[in-house]
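Source file: model-v5.tsv. Holds: TSV, N, CA and C atoms.
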```tsv
chain	number	residue	atom	x	y	z
A	1	MET	N	27.60	-214.24	50.38
A	1	MET	CA	28.63	-215.12	50.88
A	1	MET	C	29.82	-214.26	51.31
A	2	THR	N	30.39	-214.55	52.45
A	2	THR	CA	31.52	-213.79	52.97
A	2	THR	C	32.81	-214.57	52.77
A	3	THR	N	33.89	-213.82	52.62
A	3	THR	CA	35.20	-214.47	52.49
A	3	THR	C	36.00	-214.19	53.75
A	4	PRO	N	36.82	-215.13	54.14
A	4	PRO	CA	37.66	-214.89	55.32
A	4	PRO	C	38.61	-213.71	55.08
A	5	ILE	N	38.89	-213.00	56.13
A	5	ILE	CA	39.75	-211.82	56.03
A	5	ILE	C	41.14	-212.21	55.55
A	6	SER	N	41.67	-213.31	56.04
A	6	SER	CA	43.04	-213.69	55.67
A	6	SER	C	43.16	-213.99	54.18
A	7	SER	N	42.13	-214.52	53.54
A	7	SER	CA	42.23	-214.81	52.12
A	7	SER	C	42.09	-213.55	51.27
A	8	SER	N	41.50	-212.49	51.83
A	8	SER	CA	41.33	-211.24	51.10
A	8	SER	C	42.65	-210.54	50.85
A	9	PHE	N	43.59	-210.72	51.72
A	9	PHE	CA	44.84	-209.99	51.64
A	9	PHE	C	46.00	-210.85	51.16
A	10	GLY	N	45.77	-212.07	50.79
A	10	GLY	CA	46.83	-212.93	50.30
A	10	GLY	C	47.52	-213.65	51.44
A	11	PRO	N	48.59	-214.34	51.13
A	11	PRO	CA	49.28	-215.12	52.17
A	11	PRO	C	49.96	-214.20	53.19
A	12	ALA	N	50.11	-214.74	54.38
A	12	ALA	CA	50.78	-213.98	55.44
A	12	ALA	C	52.25	-213.80	55.08
A	13	PRO	N	52.82	-212.64	55.39
A	13	PRO	CA	54.23	-212.42	55.07
A	13	PRO	C	55.14	-213.31	55.91
A	14	THR	N	56.24	-213.69	55.32
A	14	THR	CA	57.22	-214.49	56.05
A	14	THR	C	57.95	-213.58	57.04
A	15	PRO	N	58.59	-214.15	58.07
A	15	PRO	CA	59.31	-213.30	59.03
A	15	PRO	C	60.37	-212.43	58.38
A	16	ALA	N	61.08	-212.94	57.36
A	16	ALA	CA	62.12	-212.16	56.70
A	16	ALA	C	61.51	-211.00	55.93
A	17	ALA	N	60.35	-211.23	55.29
A	17	ALA	CA	59.69	-210.17	54.53
A	17	ALA	C	59.10	-209.12	55.45
A	18	ALA	N	58.73	-209.51	56.66
A	18	ALA	CA	58.13	-208.58	57.60
A	18	ALA	C	59.18	-207.84	58.43
A	19	GLY	N	60.44	-208.01	58.11
A	19	GLY	CA	61.49	-207.34	58.86
A	19	GLY	C	62.12	-208.23	59.91
A	20	GLY	N	61.63	-209.42	60.04
A	20	GLY	CA	62.19	-210.35	61.00
A	20	GLY	C	63.21	-211.25	60.32
A	21	GLY	N	63.50	-212.37	60.92
A	21	GLY	CA	64.44	-213.31	60.33
A	21	GLY	C	65.85	-212.75	60.30
A	22	ASP	N	66.64	-213.24	59.37
A	22	ASP	CA	68.04	-212.83	59.27
A	22	ASP	C	68.18	-211.36	58.90
A	23	GLY	N	67.36	-210.87	57.98
A	23	GLY	CA	67.44	-209.47	57.57
A	23	GLY	C	67.12	-208.52	58.70
A	24	GLY	N	66.12	-208.87	59.50
A	24	GLY	CA	65.74	-208.02	60.62
A	24	GLY	C	66.79	-208.01	61.71
A	25	LEU	N	67.38	-209.16	61.95
A	25	LEU	CA	68.44	-209.25	62.96
A	25	LEU	C	69.64	-208.44	62.53
A	26	ARG	N	69.98	-208.51	61.25
A	26	ARG	CA	71.12	-207.75	60.72
A	26	ARG	C	70.87	-206.24	60.84
A	27	LYS	N	69.65	-205.81	60.49
A	27	LYS	CA	69.32	-204.38	60.58
A	27	LYS	C	69.32	-203.91	62.02
A	28	ALA	N	68.82	-204.73	62.92
A	28	ALA	CA	68.80	-204.36	64.34
A	28	ALA	C	70.22	-204.22	64.88
A	29	ALA	N	71.11	-205.13	64.48
A	29	ALA	CA	72.50	-205.07	64.92
A	29	ALA	C	73.19	-203.82	64.38
A	30	GLU	N	72.91	-203.49	63.11
A	30	GLU	CA	73.49	-202.27	62.53
A	30	GLU	C	72.95	-201.03	63.21
A	31	ALA	N	71.65	-201.03	63.55
A	31	ALA	CA	71.07	-199.89	64.24
A	31	ALA	C	71.69	-199.71	65.62
A	32	PHE	N	71.96	-200.82	66.31
A	32	PHE	CA	72.62	-200.74	67.61
A	32	PHE	C	74.02	-200.17	67.48
A	33	GLU	N	74.76	-200.62	66.46
A	33	GLU	CA	76.10	-200.09	66.22
A	33	GLU	C	76.03	-198.60	65.91
A	34	ALA	N	75.02	-198.17	65.16
A	34	ALA	CA	74.87	-196.75	64.85
A	34	ALA	C	74.63	-195.93	66.11
A	35	VAL	N	73.86	-196.46	67.04
A	35	VAL	CA	73.62	-195.76	68.31
A	35	VAL	C	74.92	-195.59	69.08
A	36	ILE	N	75.70	-196.66	69.15
A	36	ILE	CA	76.99	-196.60	69.85
A	36	ILE	C	77.90	-195.57	69.18
A	37	LEU	N	77.95	-195.56	67.85
A	37	LEU	CA	78.80	-194.62	67.13
A	37	LEU	C	78.32	-193.18	67.31
A	38	ARG	N	77.00	-192.96	67.37
A	38	ARG	CA	76.49	-191.60	67.62
A	38	ARG	C	76.94	-191.11	68.99
A	39	GLN	N	76.86	-191.99	70.00
A	39	GLN	CA	77.29	-191.60	71.34
A	39	GLN	C	78.79	-191.31	71.36
A	40	LEU	N	79.56	-192.09	70.65
A	40	LEU	CA	81.00	-191.88	70.56
A	40	LEU	C	81.30	-190.53	69.92
A	41	MET	N	80.61	-190.23	68.82
A	41	MET	CA	80.84	-188.96	68.13
A	41	MET	C	80.38	-187.78	68.98
A	42	ALA	N	79.29	-187.94	69.73
A	42	ALA	CA	78.82	-186.86	70.59
A	42	ALA	C	79.82	-186.57	71.71
A	43	SER	N	80.41	-187.63	72.27
A	43	SER	CA	81.41	-187.40	73.32
A	43	SER	C	82.68	-186.78	72.76
A	44	MET	N	83.02	-187.12	71.51
A	44	MET	CA	84.18	-186.48	70.89
A	44	MET	C	83.91	-185.00	70.64
A	45	ARG	N	82.69	-184.65	70.26
A	45	ARG	CA	82.34	-183.24	70.03
A	45	ARG	C	82.40	-182.44	71.33
A	46	GLN	N	82.04	-183.07	72.45
A	46	GLN	CA	82.06	-182.38	73.74
A	46	GLN	C	83.48	-182.12	74.23
A	47	ALA	N	84.44	-182.85	73.72
A	47	ALA	CA	85.82	-182.73	74.18
A	47	ALA	C	86.59	-181.69	73.38
A	48	LYS	N	85.93	-180.66	72.93
A	48	LYS	CA	86.61	-179.61	72.16
A	48	LYS	C	87.44	-178.73	73.09
A	49	LEU	N	88.47	-178.15	72.57
A	49	LEU	CA	89.41	-177.38	73.39
A	49	LEU	C	89.00	-175.92	73.58
A	50	GLY	N	88.22	-175.38	72.67
A	50	GLY	CA	87.82	-173.98	72.77
A	50	GLY	C	86.41	-173.77	72.29
A	51	ASP	N	85.95	-172.55	72.42
A	51	ASP	CA	84.61	-172.22	71.96
A	51	ASP	C	84.61	-172.01	70.46
A	52	ASP	N	83.51	-172.38	69.84
A	52	ASP	CA	83.35	-172.18	68.41
A	52	ASP	C	82.97	-170.73	68.16
A	53	ILE	N	83.73	-170.04	67.35
A	53	ILE	CA	83.50	-168.62	67.09
A	53	ILE	C	82.16	-168.38	66.43
A	54	PHE	N	81.82	-169.22	65.46
A	54	PHE	CA	80.59	-169.03	64.72
A	54	PHE	C	79.48	-169.96	65.19
A	55	GLY	N	79.63	-170.54	66.35
A	55	GLY	CA	78.67	-171.53	66.84
A	55	GLY	C	77.33	-170.94	67.22
A	56	SER	N	76.30	-171.72	67.00
A	56	SER	CA	74.94	-171.35	67.41
A	56	SER	C	74.16	-172.64	67.62
A	57	SER	N	72.96	-172.53	68.13
A	57	SER	CA	72.16	-173.74	68.35
A	57	SER	C	71.78	-174.38	67.02
A	58	ALA	N	71.59	-173.57	65.98
A	58	ALA	CA	71.28	-174.12	64.67
A	58	ALA	C	72.46	-174.92	64.13
A	59	THR	N	73.66	-174.38	64.29
A	59	THR	CA	74.86	-175.10	63.86
A	59	THR	C	74.99	-176.41	64.62
A	60	ASP	N	74.72	-176.37	65.92
A	60	ASP	CA	74.79	-177.59	66.73
A	60	ASP	C	73.78	-178.63	66.25
A	61	ASN	N	72.57	-178.19	65.91
A	61	ASN	CA	71.54	-179.11	65.43
A	61	ASN	C	71.95	-179.76	64.11
A	62	PHE	N	72.44	-178.95	63.18
A	62	PHE	CA	72.86	-179.51	61.89
A	62	PHE	C	74.07	-180.42	62.05
A	63	ARG	N	74.98	-180.07	62.94
A	63	ARG	CA	76.15	-180.91	63.19
A	63	ARG	C	75.71	-182.25	63.79
A	64	GLU	N	74.72	-182.21	64.67
A	64	GLU	CA	74.20	-183.43	65.28
A	64	GLU	C	73.53	-184.33	64.23
A	65	MET	N	72.77	-183.71	63.31
A	65	MET	CA	72.14	-184.48	62.24
A	65	MET	C	73.20	-185.08	61.31
A	66	ALA	N	74.23	-184.32	61.01
A	66	ALA	CA	75.30	-184.83	60.16
A	66	ALA	C	76.03	-185.99	60.85
A	67	ASP	N	76.25	-185.87	62.15
A	67	ASP	CA	76.90	-186.94	62.90
A	67	ASP	C	76.03	-188.20	62.89
A	68	ALA	N	74.71	-188.04	63.01
A	68	ALA	CA	73.81	-189.19	63.00
A	68	ALA	C	73.86	-189.89	61.65
A	69	LYS	N	73.85	-189.13	60.57
A	69	LYS	CA	73.93	-189.72	59.23
A	69	LYS	C	75.28	-190.41	59.02
A	70	THR	N	76.35	-189.79	59.50
A	70	THR	CA	77.68	-190.39	59.40
A	70	THR	C	77.74	-191.69	60.19
A	71	ALA	N	77.15	-191.70	61.38
A	71	ALA	CA	77.14	-192.91	62.20
A	71	ALA	C	76.35	-194.03	61.52
A	72	ASP	N	75.22	-193.68	60.89
A	72	ASP	CA	74.45	-194.68	60.16
A	72	ASP	C	75.25	-195.26	59.00
A	73	SER	N	75.95	-194.39	58.28
A	73	SER	CA	76.77	-194.86	57.15
A	73	SER	C	77.91	-195.75	57.63
A	74	MET	N	78.55	-195.35	58.71
A	74	MET	CA	79.66	-196.14	59.25
A	74	MET	C	79.16	-197.50	59.74
A	75	ALA	N	77.98	-197.53	60.35
A	75	ALA	CA	77.43	-198.79	60.85
A	75	ALA	C	77.07	-199.71	59.70
A	76	SER	N	76.60	-199.16	58.58
A	76	SER	CA	76.23	-200.00	57.44
A	76	SER	C	77.46	-200.64	56.80
A	77	LEU	N	78.62	-200.03	56.96
A	77	LEU	CA	79.86	-200.63	56.45
A	77	LEU	C	80.35	-201.79	57.30
A	78	ARG	N	79.91	-201.83	58.57
A	78	ARG	CA	80.24	-202.90	59.52
A	78	ARG	C	81.75	-203.06	59.71
A	79	GLN	N	82.45	-201.95	59.79
A	79	GLN	CA	83.90	-202.00	59.95
A	79	GLN	C	84.35	-202.11	61.41
A	80	PHE	N	83.48	-201.71	62.34
A	80	PHE	CA	83.87	-201.71	63.75
A	80	PHE	C	83.67	-203.08	64.40
A	81	GLY	N	82.79	-203.89	63.86
A	81	GLY	CA	82.57	-205.23	64.39
A	81	GLY	C	81.53	-205.32	65.49
A	82	ILE	N	80.99	-204.20	65.92
A	82	ILE	CA	79.99	-204.21	66.98
A	82	ILE	C	78.74	-204.94	66.49
A	83	ALA	N	78.27	-204.60	65.29
A	83	ALA	CA	77.06	-205.22	64.75
A	83	ALA	C	77.28	-206.72	64.55
A	84	ASP	N	78.46	-207.11	64.10
A	84	ASP	CA	78.75	-208.53	63.89
A	84	ASP	C	78.68	-209.30	65.21
A	85	MET	N	79.24	-208.73	66.27
A	85	MET	CA	79.21	-209.40	67.57
A	85	MET	C	77.79	-209.50	68.11
A	86	VAL	N	77.02	-208.41	68.00
A	86	VAL	CA	75.65	-208.42	68.48
A	86	VAL	C	74.83	-209.43	67.69
A	87	GLU	N	75.00	-209.42	66.38
A	87	GLU	CA	74.25	-210.35	65.52
A	87	GLU	C	74.59	-211.80	65.86
A	88	ALA	N	75.87	-212.10	66.05
A	88	ALA	CA	76.28	-213.46	66.38
A	88	ALA	C	75.71	-213.90	67.72
A	89	GLN	N	75.73	-213.00	68.69
A	89	GLN	CA	75.20	-213.35	70.01
A	89	GLN	C	73.70	-213.58	69.95
A	90	LEU	N	72.97	-212.70	69.27
A	90	LEU	CA	71.52	-212.87	69.18
A	90	LEU	C	71.16	-214.09	68.34
A	91	ARG	N	71.92	-214.35	67.29
A	91	ARG	CA	71.65	-215.51	66.46
A	91	ARG	C	71.86	-216.80	67.27
A	92	GLY	N	72.89	-216.82	68.11
A	92	GLY	CA	73.14	-217.98	68.94
A	92	GLY	C	72.03	-218.22	69.95
A	93	ARG	N	71.55	-217.14	70.55
A	93	ARG	CA	70.44	-217.27	71.50
A	93	ARG	C	69.16	-217.68	70.80
A	94	ALA	N	68.91	-217.13	69.62
A	94	ALA	CA	67.69	-217.48	68.89
A	94	ALA	C	67.75	-218.93	68.42
A	95	ALA	N	68.93	-219.39	68.00
A	95	ALA	CA	69.06	-220.77	67.57
A	95	ALA	C	68.86	-221.72	68.75
A	96	ALA	N	69.37	-221.33	69.91
A	96	ALA	CA	69.21	-222.16	71.09
A	96	ALA	C	67.75	-222.28	71.51
A	97	SER	N	66.99	-221.20	71.31
A	97	SER	CA	65.57	-221.23	71.68
A	97	SER	C	64.70	-221.73	70.54
A	98	GLY	N	65.30	-221.88	69.33
A	98	GLY	CA	64.55	-222.39	68.18
A	98	GLY	C	63.75	-221.31	67.46
A	99	ALA	N	64.04	-220.03	67.71
A	99	ALA	CA	63.28	-218.95	67.09
A	99	ALA	C	63.63	-218.77	65.62
A	100	LEU	N	64.91	-218.85	65.26
A	100	LEU	CA	65.33	-218.72	63.86
A	100	LEU	C	65.61	-220.10	63.31
A	101	GLN	N	65.15	-220.34	62.15
A	101	GLN	CA	65.35	-221.65	61.52
A	101	GLN	C	66.34	-221.51	60.40
```

Just dump the structure as structure tokens.
Amino acid sequence: MTTPISSSFGPAPTPAAAGGGDGGLRKAAEAFEAVILRQLMASMRQAKLGDDIFGSSATDNFREMADAKTADSMASLRQFGIADMVEAQLRGRAAASGALQ
């Protein structure tokens, strides 16, 4: 006797558990804010007044990674309001189309 595949793995995950729903929308908005902040920090780094005496490509790589981590941390604090605006706009569109309940 065979069992259906869906019953073998238990119930299907809910949209929120699968990364969708409100939690997924919030994470996507924070990720978008982090991208904007990374670009902002990169343009600030390019606006330096002089050459770095001890600069190298390795230093640039580590500085870029540190900036990315800083941007992620800043976005998770939601102090700039970019993620809040994106989330509100997407939530309004999803509610209008009936996607989020």

* **Length of the atom CA of Gln89 of chain A to atom CA of Lys69 of chain A vector [Å]** =>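 Interatomic distance, atom CA of Gln89 of chain A to atom CA of Lys69 of chain A: 26.0 Å.
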
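The coordinates place atom CA of Thr70 of chain A at 18.9 Å from atom CA of Lys48 of chain A.
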
* Suppose you want the space between atom C of Ala94 of chain A and atom CA of Gln39 of chain A; what is it in Å? ->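 Computed distance, atom C of Ala94 of chain A to atom CA of Gln39 of chain A, equals 29.1 Å.
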
* Asked: In terms of the shortest atom-to-atom distance over only C-alpha atoms, which of A:Arg91, A:Phe80, A:Glu64, A:Ala75 is closest to Arg45 of chain A?
  -> A:Glu64

* Shell of 7 Å around Ala83 of chain A, only N, CA and C atoms, local chain residues under 6 positions omitted, as a PyMOL selection string -> chain A and resi 28-33

* Asked: Could you pull the residues within 7 Å of Arg38 of chain A, counting all atoms listed in the file, minus those fewer than 5 positions along the same chain, as a PyMOL selection string?
  -> chain A and resi 33+43+67-68+71-72

Padded axis-aligned box of segment 33-44 of chain A (8 Å per side), centre and edge lengths, Å, one decimal, as AutoDock Vina command-line options:
```
--center_x 78.9 --center_y -192.8 --center_z 69.1 --size_x 26.6 --size_y 31.6 --size_z 24.5
```
